[in-house]
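The next block holds one structure in the form of structure tokens; read it before the comments.
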Amino acid sequence: MAQSIEKDGKVFLLAYDQGMEHGPVDFNEQNYHPNFITKIAIKGGASCVAMGYGLARRFYSDELAKQMPLVLKLNMKSALYSGNNVSALVAGVDEAVDLGASAVGFTVFPGQEDERIGVQQFAIVRKHAEEAGLPTVLWSYARGPEIEDQYDSGVVAYAARVGAELGADYVKVKYPGLEALPWVNKVALQTKVLISGTGGFGENYPAEVKKVMEAGATGLAVGRKIWQDDDPISLAQKVSQVIFG
Amino acid sequence: MAQSIEKDGKVFLLAYDQGMEHGPVDFNEQNYHPNFITKIAIKGGASCVAMGYGLARRFYSDELAKQMPLVLKLNMKSALYSGNNVSALVAGVDEAVDLGASAVGFTVFPGQEDERIGVQQFAIVRKHAEEAGLPTVLWSYARGPEIEDQYDSGVVAYAARVGAELGADYVKVKYPGLEALPWVNKVALQTKVLISGTGGFGENYPAEVKKVMEAGATGLAVGRKIWQDDDPISLAQKVSQVIFG
Amino acid sequence: MAQSIEKDGKVFLLAYDQGMEHGPVDFNEQNYHPNFITKIAIKGGASCVAMGYGLARRFYSDELAKQMPLVLKLNMKSALYSGNNVSALVAGVDEAVDLGASAVGFTVFPGQEDERIGVQQFAIVRKHAEEAGLPTVLWSYARGPEIEDQYDSGVVAYAARVGAELGADYVKVKYPGLEALPWVNKVALQTKVLISGTGGFGENYPAEVKKVMEAGATGLAVGRKIWQDDDPISLAQKVSQVIFG
Amino acid sequence: MAQSIEKDGKVFLLAYDQGMEHGPVDFNEQNYHPNFITKIAIKGGASCVAMGYGLARRFYSDELAKQMPLVLKLNMKSALYSGNNVSALVAGVDEAVDLGASAVGFTVFPGQEDERIGVQQFAIVRKHAEEAGLPTVLWSYARGPEIEDQYDSGVVAYAARVGAELGADYVKVKYPGLEALPWVNKVALQTKVLISGTGGFGENYPAEVKKVMEAGATGLAVGRKIWQDDDPISLAQKVSQVIFG
Amino acid sequence: MAQSIEKDGKVFLLAYDQGMEHGPVDFNEQNYHPNFITKIAIKGGASCVAMGYGLARRFYSDELAKQMPLVLKLNMKSALYSGNNVSALVAGVDEAVDLGASAVGFTVFPGQEDERIGVQQFAIVRKHAEEAGLPTVLWSYARGPEIEDQYDSGVVAYAARVGAELGADYVKVKYPGLEALPWVNKVALQTKVLISGTGGFGENYPAEVKKVMEAGATGLAVGRKIWQDDDPISLAQKVSQVIFG
């Protein structure tokens, strides 16, 4: 039986799929290493950490599994070509189970020209995950020729609803601003909303995260904002404090 | 043995796949929620309700299943890119059976450039549905570079015939106006015609629905026209009255 | 053991796949219905009738099966987009067997840009049909960017040879005129040639069909020319007379 | 155990896949028929004959199989559209075994835009053939947007090496002229080189074939040059004489 | 149990997939032959040799397998069309096992338009290799419309990280210069970095290889630089000396 990625019904997911999605340009001499990230997650009070198969196989040990639930991110793509619009499936639900993961993550881009491919692959992943008893976390980022602003409140609400319609347990969406959150949460129904914690936030980060949670989000999914900070454990602790109280 | 989606040989299908097909822009503070829709269906006298896997898994409970037959819509696409012309298969017939559905729904777009993909997927769904003893409801909407008006009587008749040729049990088509209906019904043969109940109708809705039924349609498949109404249960009851008499 | 689609080594196939291929624009108040067609076939003396799965499932009853052998047409496409160049497989050989069909029909378009897809699907159908003991009827219509005239004698001879090379039992080709037929028949080898009976014929239809048969064709595959006639049974009988003598 | 397609370590393959690859325009009143071809092969002293499934199923009888080993050509395409660049797989290795074939033939076009598709299909065919104990004959014809001359010695050497790299037992390449042959043979390693016997040869055909063999080719694979000749058996005998001595 | 491709924790891989990737233009009268290459590998002190299925099946004998571990390269493409951007899978992990290989090799091109296809195929290969107990060597070469310089230090670091994210055991990358290596090695984490040994090196080759190793690379993967040299065994011995000490 997998651990929960929640604590007290809330989620603080520390995301670490950027090595593939953005490349090492995001990294410094410390945060290039998954062990640094998981240390932040544990000491900073996150409720789970997300990474891909390659990292998890090497750095998500049995011992770690007891301390920090894993969201195994199943698909990914590089940023070396901006036109790449469908992520590749690089691991299966069976491998998530073998690694002791507590959930699987998957990215779809509603609005892209090949939307069908990603949505259909998620349907298969979702079915396998249900059979394996693992919840699904859907990165739902609206992108494509007709999306002008992926932070737009209507666009984010649509992306959240996609998570509900496809049967995801959690949906990770861009932060559309505080006023938009109640509607986003509503239309997502029982699919729990995780706000992407890097883009769109103002200066006092923990304070704004607190308002995000008060507005009804189930949690925050954040990477660079935390692990690129000068004092990441301290920042994570502050975030953890406002999320879990 | 699945329940029938008919009452007295007629169908009043309350459609609720718009969260994916159109996005939350269709919704208000009430109708964003499937429970609101199923309440309308039950109190308003519909003979079945249609929704996708994500919603049905959470909101189509065993208790509800006894009161309101479900058409599980198996494929869908977002409106975030208008060029998306093939819907993604997001659930299978086996899942419809597990959810206690009484029929499966599937959309094809005859006339589109990738017509083959959707038609071929429907053939597989149709075969699985026959094996499972579930009827198929085919949303047959003619679309594509050479379709000028999908409400045109000849276009709708063709879309209806496609349902018959592909072996669908029910075919949902656009409303081409009353005069066109007898021919549409004829060419659909034993495939029962459900008229899409939102576009193309005039002011006195129940009266026109009555005429649609008198013209030989097997039923009405309608969503927004009902659940966006100020008094949706009352409107549904009026529609139910003219359909089931 | 399937019945033969031949009588005395000749074929008079009454084709009825036009509801999908052309749409109801081909139909009138009588011929829109498969029962009208099969009545013509039986009373008019055809040796077999061709239709798709949707129609056959409903209108090809066991009783009928004893009187009129069925060619189940396995792939089809609509005319709602003229650029659709690959037909969708909508039923399998196993379903042809279940329906009591005597042969399966399949369309390829040699010369089109996606020739490979159709030809490869036919190879699978051909293999399944051989295993099931059903002959294959290949609609071989040369089409594509470099085909100027699909009635050209060289083009038709090529289309006929394609049937032989792919291992079809029968090949249905356009009518290239009488003079071209001996060569067409020759290059088709033991694959029996059925001439498409609507386009390219002159005024005295039965007389020209007689000459077609005398020129060595195994038979005629015709739809609209017969069932759009004012007196279709009578016309069919005349055709039957010249084919079977 | 399949017969060898060699005699005394040499190959004289009589090719007859032109009905699909070029169409009946290649044929006259005699050579349109496979029996004419196999008669030439037997009387003319070829070591094997190549044809596709459709022809072999009908004209490669058990009796014939004892006299003339068969190379079953597994993929093919028509010439009705010059842009068709991937051949369709029309039969499998299992069917080659059933027909009593001694080898399977397959065409790849290194240098074309969809090279990957053909190469990957050959890998599967090659594996099945190894399991079945049948050698593979790879028609390796370099074609594509950047190939200026498929008879160029460097291009032919590359095509031959592709056969070796992909694990073909025999590789059939265009004739690049005598001077180029030693290098072509060398880079093909243990994959035996068959020179395509129609294009590129001068006036005294048997004499030039003799030199081709002396230059180290394992054999000749030729069709039209032989069976379009006024006295094909006699020509074949001369070729056989220079190949097998 | 497969042998290791390492000696003392270091790798000197002699690459020989150029017959397919570049064509025979790379070869002379000696190095066209795999036996020449493996002789260099053995006498020159390499720790493994890489080649494709076609060559390995014929020239990687059991006797040889005891002396020189094999990396079976599983996918490849020709250079006959520069736009070919996805390599074809030409053999499977099961065949690597049958041949006695010690590892499997696979090429991906992060940044290309069809990145998804190659990455997804590698995921399957990687899974099969894990099940078979074979390590994977990923040729990770960033290429595509937005890659200006595949030797750029940031691009190479990204390519190396892709190896780590996808779970490769070894990643072969272009040589970005000495200063860039520590960062490349770091971001590759426990995926061991093999530097591509032909492009980007200066005049005193063994000396520069020594510095590459001192900068933290696990090894060198080199082909032409060695086997095109006038005295390849001697050069290989010098390289071996600086790698293994």
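By convention here, the chains of the structure tokens are called A, B, ... in the order presented, each chain's residues are numbered starting at 1, and ligands are numbered starting at 1 in the order presented.
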
For segment 173-175 of chain B, list every protein, DNA or RNA residue within 8 Å, evaluated using only C-alpha atoms, and leave out those in the same chain fewer than 3 positions away; present the list as a PDB file with N, CA and C atoms, in the first residue's frame.
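Ended up saving to part03.pdb:
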ATOM      1  N   TRP B 139     -22.036  10.260 -31.733  1.00  0.00           N
ATOM      2  CA  TRP B 139     -22.124  11.684 -32.047  1.00  0.00           C
ATOM      3  C   TRP B 139     -21.551  11.829 -33.472  1.00  0.00           C
ATOM      4  N   SER B 140     -22.360  12.041 -34.466  1.00  0.00           N
ATOM      5  CA  SER B 140     -21.879  12.099 -35.854  1.00  0.00           C
ATOM      6  C   SER B 140     -22.046  13.522 -36.367  1.00  0.00           C
ATOM      7  N   TYR B 141     -20.951  14.278 -36.263  1.00  0.00           N
ATOM      8  CA  TYR B 141     -20.980  15.687 -36.641  1.00  0.00           C
ATOM      9  C   TYR B 141     -20.078  15.896 -37.848  1.00  0.00           C
ATOM     10  N   GLN B 150     -22.807  22.657 -41.108  1.00  0.00           N
ATOM     11  CA  GLN B 150     -23.073  21.335 -40.532  1.00  0.00           C
ATOM     12  C   GLN B 150     -24.536  21.145 -40.144  1.00  0.00           C
ATOM     13  N   TYR B 151     -25.356  22.201 -40.299  1.00  0.00           N
ATOM     14  CA  TYR B 151     -26.799  22.089 -40.073  1.00  0.00           C
ATOM     15  C   TYR B 151     -27.563  21.844 -41.374  1.00  0.00           C
ATOM     16  N   VAL B 156     -26.592  16.702 -42.687  1.00  0.00           N
ATOM     17  CA  VAL B 156     -27.096  15.974 -41.515  1.00  0.00           C
ATOM     18  C   VAL B 156     -27.594  14.584 -41.920  1.00  0.00           C
ATOM     19  N   ALA B 159     -24.568  12.487 -42.230  1.00  0.00           N
ATOM     20  CA  ALA B 159     -24.043  12.147 -40.903  1.00  0.00           C
ATOM     21  C   ALA B 159     -24.879  11.058 -40.245  1.00  0.00           C
ATOM     22  N   ALA B 160     -26.190  11.100 -40.440  1.00  0.00           N
ATOM     23  CA  ALA B 160     -27.073  10.078 -39.865  1.00  0.00           C
ATOM     24  C   ALA B 160     -26.836   8.726 -40.535  1.00  0.00           C
ATOM     25  N   VAL B 193     -32.352   7.957 -34.334  1.00  0.00           N
ATOM     26  CA  VAL B 193     -31.834   9.317 -34.445  1.00  0.00           C
ATOM     27  C   VAL B 193     -32.141  10.127 -33.190  1.00  0.00           C
ATOM     28  N   LEU B 194     -31.061  10.682 -32.611  1.00  0.00           N
ATOM     29  CA  LEU B 194     -31.200  11.630 -31.510  1.00  0.00           C
ATOM     30  C   LEU B 194     -30.820  13.008 -32.041  1.00  0.00           C
ATOM     31  N   ILE B 195     -31.701  13.956 -31.869  1.00  0.00           N
ATOM     32  CA  ILE B 195     -31.423  15.307 -32.357  1.00  0.00           C
ATOM     33  C   ILE B 195     -30.687  16.085 -31.272  1.00  0.00           C
ATOM     34  N   SER B 196     -29.616  16.741 -31.688  1.00  0.00           N
ATOM     35  CA  SER B 196     -28.834  17.568 -30.787  1.00  0.00           C
ATOM     36  C   SER B 196     -29.670  18.776 -30.411  1.00  0.00           C
ATOM     37  N   GLY B 197     -29.911  18.945 -29.125  1.00  0.00           N
ATOM     38  CA  GLY B 197     -31.003  19.819 -28.726  1.00  0.00           C
ATOM     39  C   GLY B 197     -30.665  21.259 -28.442  1.00  0.00           C
ATOM     40  N   GLY B 199     -28.464  23.744 -30.675  1.00  0.00           N
ATOM     41  CA  GLY B 199     -28.410  24.661 -31.813  1.00  0.00           C
ATOM     42  C   GLY B 199     -29.575  24.495 -32.772  1.00  0.00           C
ATOM     43  N   GLY B 200     -30.077  25.615 -33.311  1.00  0.00           N
ATOM     44  CA  GLY B 200     -31.031  25.545 -34.409  1.00  0.00           C
ATOM     45  C   GLY B 200     -32.494  25.616 -33.997  1.00  0.00           C
ATOM     46  N   PHE B 201     -32.741  25.645 -32.672  1.00  0.00           N
ATOM     47  CA  PHE B 201     -34.124  25.672 -32.221  1.00  0.00           C
ATOM     48  C   PHE B 201     -34.610  27.112 -32.038  1.00  0.00           C
TER      49      PHE B 201
END

Residues of chain C at most 6 Å from chain D: nearest atom pair and distance in Å, only C-alpha atoms, as JSON lines:
{"residue": "C:Gly111", "atom": "CA", "partner": "D:Leu80", "partner_atom": "CA", "distance": 4.2}
{"residue": "C:Arg116", "atom": "CA", "partner": "D:Ala88", "partner_atom": "CA", "distance": 4.7}
{"residue": "C:Gln120", "atom": "CA", "partner": "D:Ala88", "partner_atom": "CA", "distance": 5.4}
{"residue": "C:Ala123", "atom": "CA", "partner": "D:Val90", "partner_atom": "CA", "distance": 5.0}
{"residue": "C:Glu146", "atom": "CA", "partner": "D:Tyr81", "partner_atom": "CA", "distance": 5.8}
{"residue": "C:Tyr158", "atom": "CA", "partner": "D:Gly23", "partner_atom": "CA", "distance": 5.1}
{"residue": "C:Val162", "atom": "CA", "partner": "D:Met20", "partner_atom": "CA", "distance": 5.9}
{"residue": "C:Ala164", "atom": "CA", "partner": "D:Gly54", "partner_atom": "CA", "distance": 5.6}
{"residue": "C:Glu165", "atom": "CA", "partner": "D:Gly54", "partner_atom": "CA", "distance": 4.4}
{"residue": "C:Leu166", "atom": "CA", "partner": "D:Gly54", "partner_atom": "CA", "distance": 4.7}
{"residue": "C:Gly167", "atom": "CA", "partner": "D:Gly54", "partner_atom": "CA", "distance": 3.5}
{"residue": "C:Val187", "atom": "CA", "partner": "D:Tyr32", "partner_atom": "CA", "distance": 5.9}

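Our summary of the geometry notes that atom CA of Gly202 of chain E is positioned 23.8 Å from atom CA of Val49 of chain E.
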
I need the alpha helix (DSSP H) residues of segment 11-245 of chain D per DSSP on the backbone, written as a PyMOL selection string.
chain D and resi 18-21+34-44+53-59+62-67+93-98+115-132+153-166+181-187+205-214+224-227+232-244

Give the strand (DSSP E or B) residues of segment 39-230 of chain C, as DSSP finds them on the backbone, and put them as a PyMOL selection string.
chain C and resi 48-52+70-73+75-76+88-89+103-108+136-140+170-173+192-196+219-222
